[in-house]
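> There's a structure below that I have some questions on.
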Amino acid sequence: LANSGTTVIHAGTLIDTKAGTTLSDQYITIENGVITAVGAAADTPKPDVDINFIDLSEMTVLPGLSDSHVHLTSDAAVHGYRQLERSTSRAAITGVMNAKRTLAAGFTTVRNLGAPGFTDVALKEAIEDGDVPGPRIIPAGRSIGITGGHCDSNLLPFEYQQVAGGVADGPWAVRAKVRENKKYGAQVIKFCGTGGVLSKGTSIGAQQFTAEEMNAIVDEAHALGMKVAVHAHGEKGINTAIKAGVDSVEHSSLISDAGINLALQNGTTLSMDVYVSDYILTEGAEAGILEESLAKERQVGRAQRERFQAAVKSGVPLAFGTDAGVYPHGTNGNQFAFMVKWGQTPMQAIQSATIVNAKLFDLDGKIGVIAPGAFADIIAVDGDPLQDISELEDIDFVMKNGKVYPLASQE
Ligand code: ARG
């Protein structure tokens, strides 16, 4: 379906993410890819031949979902030393497939938090040009990190001189890296503030970058109009990054109560990927994940879920971010059930994937709501996700910018 002309959707049940309620029998009017009106039947023109009418009267309709942490150009079957066989060009093509899967799963906007060689920027451009289907992408380009840190590549010995594209040490070097990312199309800055699970030889508890370097990254990124996402598992790195003014803390696995309070005071959003641990521990070895990484995951997985529960109780803003790419794209929706199991209501989990992310992405009012002025990113399911959140694992209708896309099951 084209995104020109007028489209009217009849929504049987509509989830109002801002109000946290539902409305029944609503009519959504869409022109040129944007929502122009939402109201009861009486308020809108009766469907006639000039209008493209979409009948979702038996469905629950909600705004397109968003994911604050994906790696579209990463393949979940390629971990550890297998990554060395993959070229940057191959990663870009992987991204084409994953963008399609992500959109078909109802995720109409994503932040891509790290990609080799600006493959995420290229993918975003191809999607915007209409060459390939995919979600709206906010790309980070290369993740910035210290020499030998989580955002470096540490698999080979010295004589190979392998260095990841985002490595920089020192306040001016990290500023230059931020500027370079911006120059080549990044719209958000991602840096690594602690070690990680999947990187060789790093410790999840250890801070990476000094406070001075983190301050420089955040100051430079904000000056250039970009938000900052920090990868951080351990308490010290999390707290230093929040004090430096980052906009979101990714993973936040071992965040302390004091860290949660710091986030509350600073207006920092936490993006906690509480599903991925199950994939790593069940499928990870097969996918090439190193034994040392599996050992780290055993320490961090459950602890992160417990800290998520504490974060929910505190009222701190919680983004919906999954780290898809570590596990298969298109199954992003699996995380909803985990968020609900660990303390959110279904409505809160949906709000994380809509209005909380919208604010974090600086797209408040444009995504995450079905309201006049928003992009016509609209999805639907045939069950009631407020009763059974796992409905969001299987989306039955996907529209982005007013255009209807095929579902995963239809390909
Ligand atoms: N990319 C992250 C890392 O390597 C994945 C962490 C996954 N584990 C978790 N419990 N969230 O550190």
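Residue numbering restarts at 1 in every chain; chains get A, B, ... in the order shown in the structure tokens, and ligands count up from 1 in that same order.
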Any residue with an atom at most 7 Å from ligand 1 counts, using only C-alpha atoms and all ligand atoms. Which are they? Put them as a PyMOL selection string.
chain A and resi 195-199+251+253+272-274+276-277+297+300-301+304+323+326
> Listing only residues of stretch 109-177 of chain A within 12 Å of stretch 329-339 of chain A, what is the closest atom pair and its distance in Å (to one decimal) for each, using only C-alpha atoms, sorted by chain and residue number ascending, as a tab-separated table?

```
residue	atom	partner	partner_atom	distance
A:Val110	CA	A:Asn332	CA	10.8
A:Gly134	CA	A:Gly330	CA	11.2
A:Pro135	CA	A:Gly330	CA	11.3
```
> Which one is closest to A:Leu294: A:Leu254, A:Thr29, A:His79, A:Val178? Count only C-alpha atoms.
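Among the listed residues, the smallest separation from A:Leu294 belongs to A:His79.
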> Rank A:Ala229, A:Lys177, A:Gly237, A:Thr345 by their smallest atom-to-atom distance to A:Ala206, using only C-alpha atoms, and report the top residue only.
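Nearest candidate to A:Ala206 out of A:Ala229, A:Lys177, A:Gly237, A:Thr345: A:Gly237.
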> Set the distance at 9 Å and use only C-alpha atoms: which residues neighbour A:Val8 once local chain neighbours fewer than 6 positions away are removed? I'd like the list as number ranges by chain.
A: 27-30, 44, 47, 51-55
> If DSSP is run on the backbone, what residues of stretch 36-242 of chain A are helix (DSSP H, G or I)? A reply as a PyMOL selection string would be ideal.
chain A and resi 41-43+80-85+88-104+116-128+158-160+171-183+211-223+235-242
> Determine, counting only C-alpha atoms, which protein, DNA and RNA residues have an atom within 8 Å of an atom of stretch 19-23 of chain A; residues of the same chain fewer than 6 positions away are not included. Present the result as a PDB file with C-alpha atoms, in the first residue's frame.

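Once everything was written out, this is out.pdb:
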```pdb
ATOM      1  CA  THR A  13      -9.347  -1.472  20.905  1.00  0.00           C
ATOM      2  CA  MET A 347       1.005  -1.351  30.372  1.00  0.00           C
ATOM      3  CA  GLN A 351       5.077   2.324  27.751  1.00  0.00           C
TER       4      GLN A 351
END
```
> Could you write out, as a PyMOL selection string, all the residues of stretch 100-163 of chain A that DSSP marks as strand (DSSP E or B)?
chain A and resi 107-112+136-139+144-145
> Could you give me, as CSV, every stretch 166-195 of chain A residue with an atom at most 10 Å from stretch 246-249 of chain A, plus its closest atom pair and distance in Å to one decimal, counting only C-alpha atoms, rows ordered by chain then number?

```
residue,atom,partner,partner_atom,distance
A:Ile189,CA,A:Val246,CA,9.6
A:Lys190,CA,A:Ser248,CA,9.6
A:Phe191,CA,A:Val246,CA,9.9
A:Gly193,CA,A:Val249,CA,9.3
```
> Give me the residues near A:Arg136 as an NGL selection string, where near means some atom within 8 Å (using only C-alpha atoms) and where sequence neighbours in that chain fewer than 4 positions away do not count.
:A and (108-110 or 124 or 127-128)
> Keeping only C-alpha atoms, write the selected residues to a file as a compact mmCIF listing (two decimals), in the first residue's frame.

```txt
# COMPACT_ATOMS: atom_id res chain seq x y z
CA THR A 108 9.21 0.58 13.77
CA THR A 109 12.05 2.55 15.42
CA VAL A 110 15.38 1.37 16.84
CA LYS A 124 19.40 3.75 7.62
CA ILE A 127 15.68 2.30 4.31
CA GLU A 128 14.94 6.02 4.01
```
> Report as a tab-separated table the residues of stretch 93-166 of chain A within 10 Å of stretch 170-175 of chain A, each with its shortest atom pair and distance in Å (one decimal), using only C-alpha atoms, ordered by chain and increasing residue number.

```
residue	atom	partner	partner_atom	distance
A:Ile144	CA	A:Val174	CA	7.5
A:Gly145	CA	A:Val174	CA	8.5
A:Ile146	CA	A:Gly170	CA	8.8
A:Gly166	CA	A:Val174	CA	8.9
```
> Compile the contact shell of stretch 289-292 of chain A as an NGL selection string: residues with an atom at most 12 Å away, counting only C-alpha atoms, same-chain residues fewer than 2 positions apart removed.
:A and (76-83 or 155 or 196-204 or 279-287 or 294-299 or 326-327)
> Can you measure atom CA of A:Gly117 to atom CA of A:Gly205 for me? One decimal in Å is fine.
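Rounded to one decimal, the two atoms are 28.4 Å apart.
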> Near stretch 357-362 of chain A, within 9 Å and counting only C-alpha atoms, which residues show up once chain neighbours fewer than 4 positions away are dropped, as a list of chain:residue names?
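So, after excluding close chain neighbours, the residues are A:Ser66, A:Asp67, A:Ser68, A:Arg111, A:Ile138, A:Val188, A:Lys227, A:Asp247, A:Ser248, A:Thr269, A:Leu318, A:Ala319, A:Phe320, A:Gly321, A:Gln351, A:Ser352, A:Ala353, A:Lys366, A:Ile367, A:Gly368, A:Val369.
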> Create the file for the chosen residues now, containing N, CA and C atoms and written as a PDB file, in the first residue's frame.

```pdb
ATOM      1  N   SER A  66       9.396   0.313  19.834  1.00  0.00           N
ATOM      2  CA  SER A  66      10.771   0.734  19.575  1.00  0.00           C
ATOM      3  C   SER A  66      11.709  -0.021  20.502  1.00  0.00           C
ATOM      4  N   ASP A  67      12.943  -0.128  20.066  1.00  0.00           N
ATOM      5  CA  ASP A  67      13.968  -0.839  20.840  1.00  0.00           C
ATOM      6  C   ASP A  67      15.169   0.099  20.954  1.00  0.00           C
ATOM      7  N   SER A  68      15.561   0.395  22.182  1.00  0.00           N
ATOM      8  CA  SER A  68      16.622   1.388  22.395  1.00  0.00           C
ATOM      9  C   SER A  68      18.018   0.804  22.255  1.00  0.00           C
ATOM     10  N   ARG A 111      17.261   2.221  18.075  1.00  0.00           N
ATOM     11  CA  ARG A 111      18.585   2.838  18.163  1.00  0.00           C
ATOM     12  C   ARG A 111      19.585   1.727  17.903  1.00  0.00           C
ATOM     13  N   ILE A 138      18.118   5.111  14.460  1.00  0.00           N
ATOM     14  CA  ILE A 138      18.979   6.140  15.035  1.00  0.00           C
ATOM     15  C   ILE A 138      20.334   5.466  15.221  1.00  0.00           C
ATOM     16  N   VAL A 188      23.533   9.312  17.592  1.00  0.00           N
ATOM     17  CA  VAL A 188      23.595   9.079  19.037  1.00  0.00           C
ATOM     18  C   VAL A 188      25.009   8.564  19.294  1.00  0.00           C
ATOM     19  N   LYS A 227      22.484  12.525  21.858  1.00  0.00           N
ATOM     20  CA  LYS A 227      22.372  11.896  23.179  1.00  0.00           C
ATOM     21  C   LYS A 227      23.485  10.873  23.341  1.00  0.00           C
ATOM     22  N   ASP A 247      22.672  10.025  28.905  1.00  0.00           N
ATOM     23  CA  ASP A 247      21.212  10.011  28.803  1.00  0.00           C
ATOM     24  C   ASP A 247      20.629   8.647  29.122  1.00  0.00           C
ATOM     25  N   SER A 248      21.361   7.588  28.785  1.00  0.00           N
ATOM     26  CA  SER A 248      20.873   6.254  29.157  1.00  0.00           C
ATOM     27  C   SER A 248      22.035   5.362  29.552  1.00  0.00           C
ATOM     28  N   THR A 269      17.832   7.596  31.979  1.00  0.00           N
ATOM     29  CA  THR A 269      16.983   6.445  31.660  1.00  0.00           C
ATOM     30  C   THR A 269      17.828   5.175  31.735  1.00  0.00           C
ATOM     31  N   LEU A 318      12.434   3.532  32.550  1.00  0.00           N
ATOM     32  CA  LEU A 318      13.005   2.293  32.015  1.00  0.00           C
ATOM     33  C   LEU A 318      12.705   2.193  30.533  1.00  0.00           C
ATOM     34  N   ALA A 319      13.758   2.222  29.741  1.00  0.00           N
ATOM     35  CA  ALA A 319      13.609   2.066  28.294  1.00  0.00           C
ATOM     36  C   ALA A 319      13.348   0.606  27.980  1.00  0.00           C
ATOM     37  N   PHE A 320      12.879   0.339  26.764  1.00  0.00           N
ATOM     38  CA  PHE A 320      12.825  -1.032  26.263  1.00  0.00           C
ATOM     39  C   PHE A 320      14.016  -1.203  25.343  1.00  0.00           C
ATOM     40  N   GLY A 321      15.021  -1.925  25.816  1.00  0.00           N
ATOM     41  CA  GLY A 321      16.234  -2.150  25.029  1.00  0.00           C
ATOM     42  C   GLY A 321      16.666  -3.587  25.200  1.00  0.00           C
ATOM     43  N   GLN A 351       4.645   0.919  27.684  1.00  0.00           N
ATOM     44  CA  GLN A 351       5.077   2.324  27.751  1.00  0.00           C
ATOM     45  C   GLN A 351       6.595   2.438  27.595  1.00  0.00           C
ATOM     46  N   SER A 352       7.332   1.477  28.162  1.00  0.00           N
ATOM     47  CA  SER A 352       8.793   1.485  27.974  1.00  0.00           C
ATOM     48  C   SER A 352       9.134   1.446  26.487  1.00  0.00           C
ATOM     49  N   ALA A 353       8.433   0.600  25.743  1.00  0.00           N
ATOM     50  CA  ALA A 353       8.725   0.415  24.315  1.00  0.00           C
ATOM     51  C   ALA A 353       8.065   1.470  23.430  1.00  0.00           C
ATOM     52  N   LYS A 366       6.174  12.086  18.259  1.00  0.00           N
ATOM     53  CA  LYS A 366       6.347  11.622  16.871  1.00  0.00           C
ATOM     54  C   LYS A 366       6.233  10.104  16.781  1.00  0.00           C
ATOM     55  N   ILE A 367       6.743   9.405  17.799  1.00  0.00           N
ATOM     56  CA  ILE A 367       6.606   7.946  17.837  1.00  0.00           C
ATOM     57  C   ILE A 367       6.055   7.562  19.220  1.00  0.00           C
ATOM     58  N   GLY A 368       5.572   6.342  19.319  1.00  0.00           N
ATOM     59  CA  GLY A 368       5.129   5.846  20.626  1.00  0.00           C
ATOM     60  C   GLY A 368       3.727   6.256  21.029  1.00  0.00           C
ATOM     61  N   VAL A 369       3.069   7.041  20.172  1.00  0.00           N
ATOM     62  CA  VAL A 369       1.684   7.456  20.433  1.00  0.00           C
ATOM     63  C   VAL A 369       0.878   7.366  19.147  1.00  0.00           C
TER      64      VAL A 369
END
```
> Would you work out the distance separating atom CA of A:Ile93 from atom CA of A:Asn112, expressed in Å to one decimal?
15.2 Å
> Per residue of stretch 33-102 of chain A within 10 Å of stretch 375-388 of chain A, which atom pair is closest and at what distance in Å (one decimal), using only C-alpha atoms, listed by chain and increasing number, as CSV?

```
residue,atom,partner,partner_atom,distance
A:Gly33,CA,A:Ala376,CA,5.4
A:Val34,CA,A:Phe375,CA,4.5
A:Ile35,CA,A:Ala376,CA,5.3
A:Thr36,CA,A:Ala376,CA,9.0
A:Leu56,CA,A:Ala380,CA,7.6
A:Ser57,CA,A:Asp382,CA,9.7
A:Glu58,CA,A:Asp382,CA,6.8
A:Met59,CA,A:Asp382,CA,4.6
A:Thr60,CA,A:Val381,CA,5.4
A:Val61,CA,A:Ala380,CA,4.3
A:Leu62,CA,A:Ile379,CA,5.5
A:Pro63,CA,A:Ile378,CA,4.6
A:Gly64,CA,A:Ile378,CA,4.8
A:Leu65,CA,A:Ile379,CA,8.0
```
> Generate a file of the selected residues that holds C-alpha atoms, formatted as a PDB file, in the first residue's frame.

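Contents of the output file again.pdb:
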```pdb
ATOM      1  CA  GLY A  33       2.389   8.974   6.429  1.00  0.00           C
ATOM      2  CA  VAL A  34       1.300  11.084   9.392  1.00  0.00           C
ATOM      3  CA  ILE A  35      -1.653  10.663  11.752  1.00  0.00           C
ATOM      4  CA  THR A  36      -4.034  13.599  11.313  1.00  0.00           C
ATOM      5  CA  LEU A  56      -8.805  -3.691  12.563  1.00  0.00           C
ATOM      6  CA  SER A  57     -12.100  -3.731  14.460  1.00  0.00           C
ATOM      7  CA  GLU A  58     -11.359  -7.185  15.916  1.00  0.00           C
ATOM      8  CA  MET A  59      -7.857  -6.238  17.003  1.00  0.00           C
ATOM      9  CA  THR A  60      -5.918  -4.378  19.669  1.00  0.00           C
ATOM     10  CA  VAL A  61      -4.114  -1.493  18.010  1.00  0.00           C
ATOM     11  CA  LEU A  62      -1.057   0.243  19.449  1.00  0.00           C
ATOM     12  CA  PRO A  63       1.776   2.482  18.324  1.00  0.00           C
ATOM     13  CA  GLY A  64       4.747   0.841  16.605  1.00  0.00           C
ATOM     14  CA  LEU A  65       7.218  -0.484  19.161  1.00  0.00           C
TER      15      LEU A  65
END
```
> Between A:Gly365, A:Pro116, A:Gly12, A:Gly141, single out the one closest to A:Ala164, counting only C-alpha atoms.
A:Pro116
